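S.K.: Have a look at the structure that comes next, please.
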Amino acid sequence: MERGLPDEYTVHAAVELAVRAPSVHNTQPWLFRVGGRTVHLYADPERRLAETDPRGRDLILSCGAALHHLRIGFAALGWRTEVHRLPNPDDENHLAAVELHRHEPTQEDITLAAAIPRRRTDRRRHSSWPVPEGDVELMAQRAAAEGIILRAAEGQARYHLARAIREAAGRHAHDPAYQVELAAWSGRDAAPDGVPSANVPAPDTTPGALPDRPFADPRLPQPPDTAGEDDETVLLVLATTSDDRMSQLRAGEATSAALLTATALGLASCPLTEALEIQDTREEVREKVTDGNFPQMVLRIGWAPVNADPLPATPRRDLAEVLAPLQEPAHPQR
């Protein structure tokens, strides 16, 4: 980049942190382009899941998470980001243009950046230790800083949310096209994308456990349920007052903020979107869980059991596949 702005090493380091963001089925549907003074984020529509994500909402959420990871990465490296979201009305896939300014990293910047390489999507059952209310409050504060509502689903709201999750899982189980797509993106061992077998546990048969997607060839052992107690999973719902592309992008950023906070606190986490991918079940969540606000993401948060093995990192595409110079528009000759 130009004099006075980050060098190539710094830009690459920040983007390498950005691509560690979670994405639906680990599709990694983002592209980064580096200009003379800015870094740009684009959605990659070729990586939208036609059956799982027909409206492209999960794709935008995934890119929003990558945008927040990018912001945190640059902040920890000494650069404050000024983000222009949806900067080009003629290109809906151009999600953000990021300007960079010198910045002294805060302790929060460093803590969240350090959580990026440690964060995992942990689909295993949780322990019986309760999640402190203060931890949930901190996640809610950081989501609110992104303009997003985050609340724990409790009592009747949790009942209705769990019912919507089970209903969506049941419908997908009888959808052949969805099942084919799910199988194509899971059970992988050497691919640079998709969900590896080593990160997928066998179905949790504990009474009352929420269903997870039936990814292909699950090989991750569930931790033994030695205590014989229900786990203390907390279900957090992120919601927005509107449902446009900007709201979805910001919800993705807030999802990243909440997940990195959970990781920094030592909590296990898993994004859940299945109940929000079917219009009827999403509407049920909107009416009975989020008080009319649009639900964008559900996060399953808890403590991993002490006897749970560490999870391997899921693969990522080579940086050369997602990072390239920005092709500036040609200027007409005068």
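For the structure tokens, the naming scheme is as follows: chains receive sequential letters (A, B, ...) according to their order of presentation, residues are indexed from 1 within each chain, and ligands are indexed from 1 in presentation order.
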Just the residues within 12 Å of Arg166 of chain A, please, counting only C-alpha atoms, with nothing from its chain fewer than 3 positions along; format it as an NGL selection string.

M.R.: :A and (159-163 or 169-173 or 208-213 or 272-276 or 278 or 281)

S.K.: May I have the residues within 12 Å of Glu277 of chain A as a ChimeraX atom specification, using only C-alpha atoms and disregarding those fewer than 2 positions away in the same chain?

M.R.: /A:24,49-59,164-165,167-169,171-172,178,272-275,279-285,295-298

S.K.: Go ahead and write the residues just picked, C-alpha atoms, as a PDB file, in the first residue's frame.

M.R.:
```pdb
ATOM      1  CA  VAL A  24     -21.850 -21.487   7.068  1.00  0.00           C
ATOM      2  CA  LEU A  49     -25.481 -22.548  -0.622  1.00  0.00           C
ATOM      3  CA  ALA A  50     -28.574 -22.757  -2.804  1.00  0.00           C
ATOM      4  CA  GLU A  51     -30.522 -25.157  -0.554  1.00  0.00           C
ATOM      5  CA  THR A  52     -29.292 -24.113   2.893  1.00  0.00           C
ATOM      6  CA  ASP A  53     -29.194 -20.380   2.204  1.00  0.00           C
ATOM      7  CA  PRO A  54     -31.579 -19.567  -0.660  1.00  0.00           C
ATOM      8  CA  ARG A  55     -31.801 -15.860   0.230  1.00  0.00           C
ATOM      9  CA  GLY A  56     -28.072 -15.397   0.834  1.00  0.00           C
ATOM     10  CA  ARG A  57     -28.499 -14.244   4.432  1.00  0.00           C
ATOM     11  CA  ASP A  58     -25.999 -16.750   5.859  1.00  0.00           C
ATOM     12  CA  LEU A  59     -23.482 -15.636   3.229  1.00  0.00           C
ATOM     13  CA  ALA A 164     -38.156 -24.052  16.098  1.00  0.00           C
ATOM     14  CA  ILE A 165     -34.698 -25.655  15.927  1.00  0.00           C
ATOM     15  CA  GLU A 167     -38.885 -28.276  13.514  1.00  0.00           C
ATOM     16  CA  ALA A 168     -36.300 -26.943  11.064  1.00  0.00           C
ATOM     17  CA  ALA A 169     -34.086 -29.999  11.538  1.00  0.00           C
ATOM     18  CA  ARG A 171     -37.969 -30.430   7.653  1.00  0.00           C
ATOM     19  CA  HIS A 172     -34.397 -30.518   6.394  1.00  0.00           C
ATOM     20  CA  TYR A 178     -30.677 -30.080   1.220  1.00  0.00           C
ATOM     21  CA  LEU A 272     -26.733 -22.159  14.975  1.00  0.00           C
ATOM     22  CA  THR A 273     -28.658 -20.887  11.955  1.00  0.00           C
ATOM     23  CA  GLU A 274     -30.800 -23.832  10.867  1.00  0.00           C
ATOM     24  CA  ALA A 275     -34.019 -22.573  12.477  1.00  0.00           C
ATOM     25  CA  GLN A 279     -39.163 -18.829   6.642  1.00  0.00           C
ATOM     26  CA  ASP A 280     -41.833 -20.373   8.893  1.00  0.00           C
ATOM     27  CA  THR A 281     -39.515 -21.321  11.737  1.00  0.00           C
ATOM     28  CA  ARG A 282     -37.682 -18.008  11.534  1.00  0.00           C
ATOM     29  CA  GLU A 283     -41.002 -16.192  11.778  1.00  0.00           C
ATOM     30  CA  GLU A 284     -41.873 -18.265  14.857  1.00  0.00           C
ATOM     31  CA  VAL A 285     -38.600 -17.205  16.472  1.00  0.00           C
ATOM     32  CA  PRO A 295     -33.486 -13.019  14.390  1.00  0.00           C
ATOM     33  CA  GLN A 296     -30.176 -13.276  12.556  1.00  0.00           C
ATOM     34  CA  MET A 297     -28.099 -15.751  14.570  1.00  0.00           C
ATOM     35  CA  VAL A 298     -28.339 -18.169  17.474  1.00  0.00           C
TER      36      VAL A 298
END
```

S.K.: Out of A:Pro218, A:Ala14, A:Pro203, A:Phe74, which residue has the shortest atom-to-atom distance to Gly187 of chain A when counting only C-alpha atoms?

M.R.: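 Residue with the minimum atom-to-atom distance to Gly187 of chain A: A:Pro218.
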
S.K.: If you measure from atom CA of His94 of chain A to atom CA of Glu8 of chain A, what distance in Å do you get, rounded to one decimal?

M.R.: 21.9 Å

S.K.: Which residues are close to segment 19-21 of chain A, i.e. within 8 Å by only C-alpha atoms, leaving aside same-chain residues fewer than 5 positions away? Reply as a list in words.

M.R.: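 My list of contacting residues is Gln28, Ser62, Ala65, Ala66, His69, Ile116, Pro117, Ser256 and Arg316 of chain A.
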
S.K.: Put those residues in a file: C-alpha atoms, as a PDB file, in the first residue's frame.

M.R.:
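The result, written out as part18.pdb:
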```pdb
ATOM      1  CA  GLN A  28     -15.542 -19.049   3.279  1.00  0.00           C
ATOM      2  CA  SER A  62     -20.372 -14.986   7.277  1.00  0.00           C
ATOM      3  CA  ALA A  65     -17.897 -12.030  10.757  1.00  0.00           C
ATOM      4  CA  ALA A  66     -14.843 -11.843   8.484  1.00  0.00           C
ATOM      5  CA  HIS A  69     -12.117 -10.272  12.345  1.00  0.00           C
ATOM      6  CA  ILE A 116      -9.097 -15.521  16.721  1.00  0.00           C
ATOM      7  CA  PRO A 117      -6.714 -18.473  16.165  1.00  0.00           C
ATOM      8  CA  SER A 256     -17.809 -12.311  15.607  1.00  0.00           C
ATOM      9  CA  ARG A 316      -8.883 -22.454   5.199  1.00  0.00           C
TER      10      ARG A 316
END
```

S.K.: Run DSSP on the backbone of this structure and report the residues of segment 32-273 of chain A it assigns to strand (DSSP E), as an MDAnalysis selection string.

M.R.: chainID A and resid 32:34 38:43 79:85 94:102 149:152 186:188 195:196 234:240 268:272

S.K.: Export, as a compact mmCIF listing (two decimals), in the first residue's frame, the selected residues with N, CA and C atoms.

M.R.:
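part-v5.txt was written with the following content:
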```txt
# COMPACT_ATOMS: atom_id res chain seq x y z
N PHE A 32 -11.11 -10.52 -0.68
CA PHE A 32 -10.50 -9.28 -0.23
C PHE A 32 -9.67 -8.69 -1.37
N ARG A 33 -9.80 -7.37 -1.55
CA ARG A 33 -9.07 -6.68 -2.58
C ARG A 33 -8.36 -5.46 -1.95
N VAL A 34 -7.08 -5.31 -2.28
CA VAL A 34 -6.26 -4.27 -1.66
C VAL A 34 -6.03 -3.15 -2.65
N THR A 38 -7.02 1.56 0.68
CA THR A 38 -8.12 0.86 1.32
C THR A 38 -8.04 -0.64 1.08
N VAL A 39 -8.70 -1.39 1.97
CA VAL A 39 -8.91 -2.82 1.80
C VAL A 39 -10.41 -3.03 1.61
N HIS A 40 -10.78 -3.83 0.63
CA HIS A 40 -12.18 -4.00 0.28
C HIS A 40 -12.61 -5.45 0.52
N LEU A 41 -13.85 -5.60 1.00
CA LEU A 41 -14.44 -6.91 1.21
C LEU A 41 -15.58 -7.10 0.22
N TYR A 42 -15.55 -8.24 -0.47
CA TYR A 42 -16.62 -8.61 -1.40
C TYR A 42 -17.19 -9.96 -0.99
N ALA A 43 -18.49 -10.13 -1.18
CA ALA A 43 -19.11 -11.44 -1.08
C ALA A 43 -18.82 -12.22 -2.35
N TRP A 79 -3.56 -0.41 13.69
CA TRP A 79 -4.28 0.35 12.68
C TRP A 79 -5.77 0.37 13.00
N ARG A 80 -6.32 1.56 13.19
CA ARG A 80 -7.77 1.71 13.38
C ARG A 80 -8.46 1.68 12.03
N THR A 81 -9.60 1.01 11.97
CA THR A 81 -10.34 0.90 10.71
C THR A 81 -11.52 1.86 10.69
N GLU A 82 -11.69 2.51 9.57
CA GLU A 82 -12.89 3.30 9.29
C GLU A 82 -13.61 2.59 8.16
N VAL A 83 -14.79 2.01 8.47
CA VAL A 83 -15.46 1.11 7.54
C VAL A 83 -16.60 1.82 6.84
N HIS A 84 -16.60 1.75 5.52
CA HIS A 84 -17.71 2.23 4.70
C HIS A 84 -18.44 0.99 4.19
N ARG A 85 -19.60 0.72 4.78
CA ARG A 85 -20.34 -0.50 4.45
C ARG A 85 -21.25 -0.27 3.24
N HIS A 94 -20.15 -5.81 -3.15
CA HIS A 94 -19.11 -4.98 -2.53
C HIS A 94 -19.62 -4.57 -1.15
N LEU A 95 -19.16 -5.28 -0.13
CA LEU A 95 -19.74 -5.13 1.21
C LEU A 95 -19.07 -4.06 2.05
N ALA A 96 -17.78 -3.81 1.83
CA ALA A 96 -17.11 -2.82 2.69
C ALA A 96 -15.85 -2.31 2.04
N ALA A 97 -15.59 -1.03 2.25
CA ALA A 97 -14.30 -0.41 1.94
C ALA A 97 -13.72 0.07 3.26
N VAL A 98 -12.52 -0.35 3.57
CA VAL A 98 -11.93 -0.13 4.89
C VAL A 98 -10.74 0.81 4.76
N GLU A 99 -10.86 2.00 5.37
CA GLU A 99 -9.73 2.92 5.47
C GLU A 99 -8.97 2.64 6.76
N LEU A 100 -7.68 2.95 6.75
CA LEU A 100 -6.81 2.61 7.88
C LEU A 100 -6.10 3.85 8.40
N HIS A 101 -6.03 3.94 9.74
CA HIS A 101 -5.39 5.07 10.40
C HIS A 101 -4.54 4.55 11.55
N ARG A 102 -3.44 5.21 11.82
CA ARG A 102 -2.57 4.80 12.92
C ARG A 102 -3.35 4.76 14.23
N ILE A 149 -28.88 -6.35 18.84
CA ILE A 149 -29.45 -6.84 20.09
C ILE A 149 -29.00 -8.27 20.33
N LEU A 150 -28.48 -8.55 21.51
CA LEU A 150 -28.13 -9.93 21.90
C LEU A 150 -28.78 -10.21 23.25
N ARG A 151 -29.57 -11.29 23.30
CA ARG A 151 -30.23 -11.68 24.54
C ARG A 151 -30.19 -13.19 24.70
N ALA A 152 -30.16 -13.62 25.94
CA ALA A 152 -30.27 -15.05 26.23
C ALA A 152 -31.73 -15.45 26.16
N SER A 186 -19.49 -31.62 3.72
CA SER A 186 -19.05 -32.17 4.99
C SER A 186 -18.41 -33.53 4.78
N GLY A 187 -17.82 -34.06 5.84
CA GLY A 187 -17.14 -35.34 5.76
C GLY A 187 -15.83 -35.26 5.02
N ARG A 188 -15.24 -34.08 4.98
CA ARG A 188 -14.01 -33.89 4.22
C ARG A 188 -12.79 -34.10 5.12
N VAL A 195 -16.72 -28.86 6.07
CA VAL A 195 -16.64 -29.27 7.48
C VAL A 195 -15.96 -30.63 7.57
N PRO A 196 -14.78 -30.71 8.20
CA PRO A 196 -14.06 -31.98 8.29
C PRO A 196 -14.72 -32.96 9.27
N VAL A 234 -26.21 -22.11 27.20
CA VAL A 234 -26.95 -20.87 27.07
C VAL A 234 -27.19 -20.64 25.58
N LEU A 235 -28.41 -20.29 25.22
CA LEU A 235 -28.75 -19.96 23.84
C LEU A 235 -28.91 -18.45 23.73
N LEU A 236 -28.03 -17.85 22.95
CA LEU A 236 -28.07 -16.41 22.73
C LEU A 236 -28.63 -16.13 21.34
N VAL A 237 -29.48 -15.15 21.24
CA VAL A 237 -30.09 -14.78 19.96
C VAL A 237 -29.69 -13.36 19.62
N LEU A 238 -29.14 -13.18 18.41
CA LEU A 238 -28.81 -11.86 17.91
C LEU A 238 -29.91 -11.44 16.95
N ALA A 239 -30.43 -10.23 17.12
CA ALA A 239 -31.57 -9.77 16.33
C ALA A 239 -31.38 -8.31 15.93
N THR A 240 -32.10 -7.94 14.88
CA THR A 240 -32.02 -6.59 14.33
C THR A 240 -33.43 -6.04 14.14
N ALA A 268 -16.87 -22.45 25.34
CA ALA A 268 -17.08 -23.12 24.06
C ALA A 268 -18.27 -22.48 23.37
N SER A 269 -18.25 -22.47 22.03
CA SER A 269 -19.32 -21.78 21.30
C SER A 269 -19.61 -22.49 19.99
N CYS A 270 -20.84 -22.30 19.52
CA CYS A 270 -21.26 -22.89 18.26
C CYS A 270 -22.38 -22.05 17.65
N PRO A 271 -22.18 -21.48 16.47
CA PRO A 271 -23.28 -20.77 15.80
C PRO A 271 -24.35 -21.75 15.32
N LEU A 272 -25.60 -21.36 15.45
CA LEU A 272 -26.73 -22.16 14.97
C LEU A 272 -27.60 -21.28 14.09
```

S.K.: One decimal, in Å: what's the spacing between atom CA of Gly302 of chain A and atom CA of Asp189 of chain A?

M.R.: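 Result for atom CA of Gly302 of chain A versus atom CA of Asp189 of chain A: 27.3 Å, one decimal.
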
S.K.: Considering only C-alpha atoms, can you say which of A:Asp318, A:Glu16, A:Glu46, A:Asp244 comes closest to Ala191 of chain A?

M.R.: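 Checking each of A:Asp318, A:Glu16, A:Glu46, A:Asp244 against Ala191 of chain A, counting only C-alpha atoms, the winner is A:Asp318.
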
S.K.: Where does DSSP see helix (DSSP H, G or I) in segment 43-206 of chain A, if you list the residues as an NGL selection string?

M.R.: :A and (45-47 or 57-76 or 107-118 or 133-144 or 156-173 or 176-184 or 197-199)

S.K.: Go through A:Val322, A:Ala308, A:Leu31, A:Ala13 and flag the residue nearest Leu77 of chain A, using only C-alpha atoms for the distances.

M.R.: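 Distance minimum relative to Leu77 of chain A lands on A:Ala13.
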
S.K.: Given only C-alpha atoms as the basis, pick out the residue of A:Arg37, A:His103, A:Arg47, A:His126 nearest to Trp185 of chain A.

M.R.: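 Closest candidate: A:Arg47.
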
S.K.: Measuring between only C-alpha atoms, which one of A:Asp44, A:Glu146, A:Asp7, A:Glu108 shows the shortest distance to Gln248 of chain A?

M.R.: A:Glu146
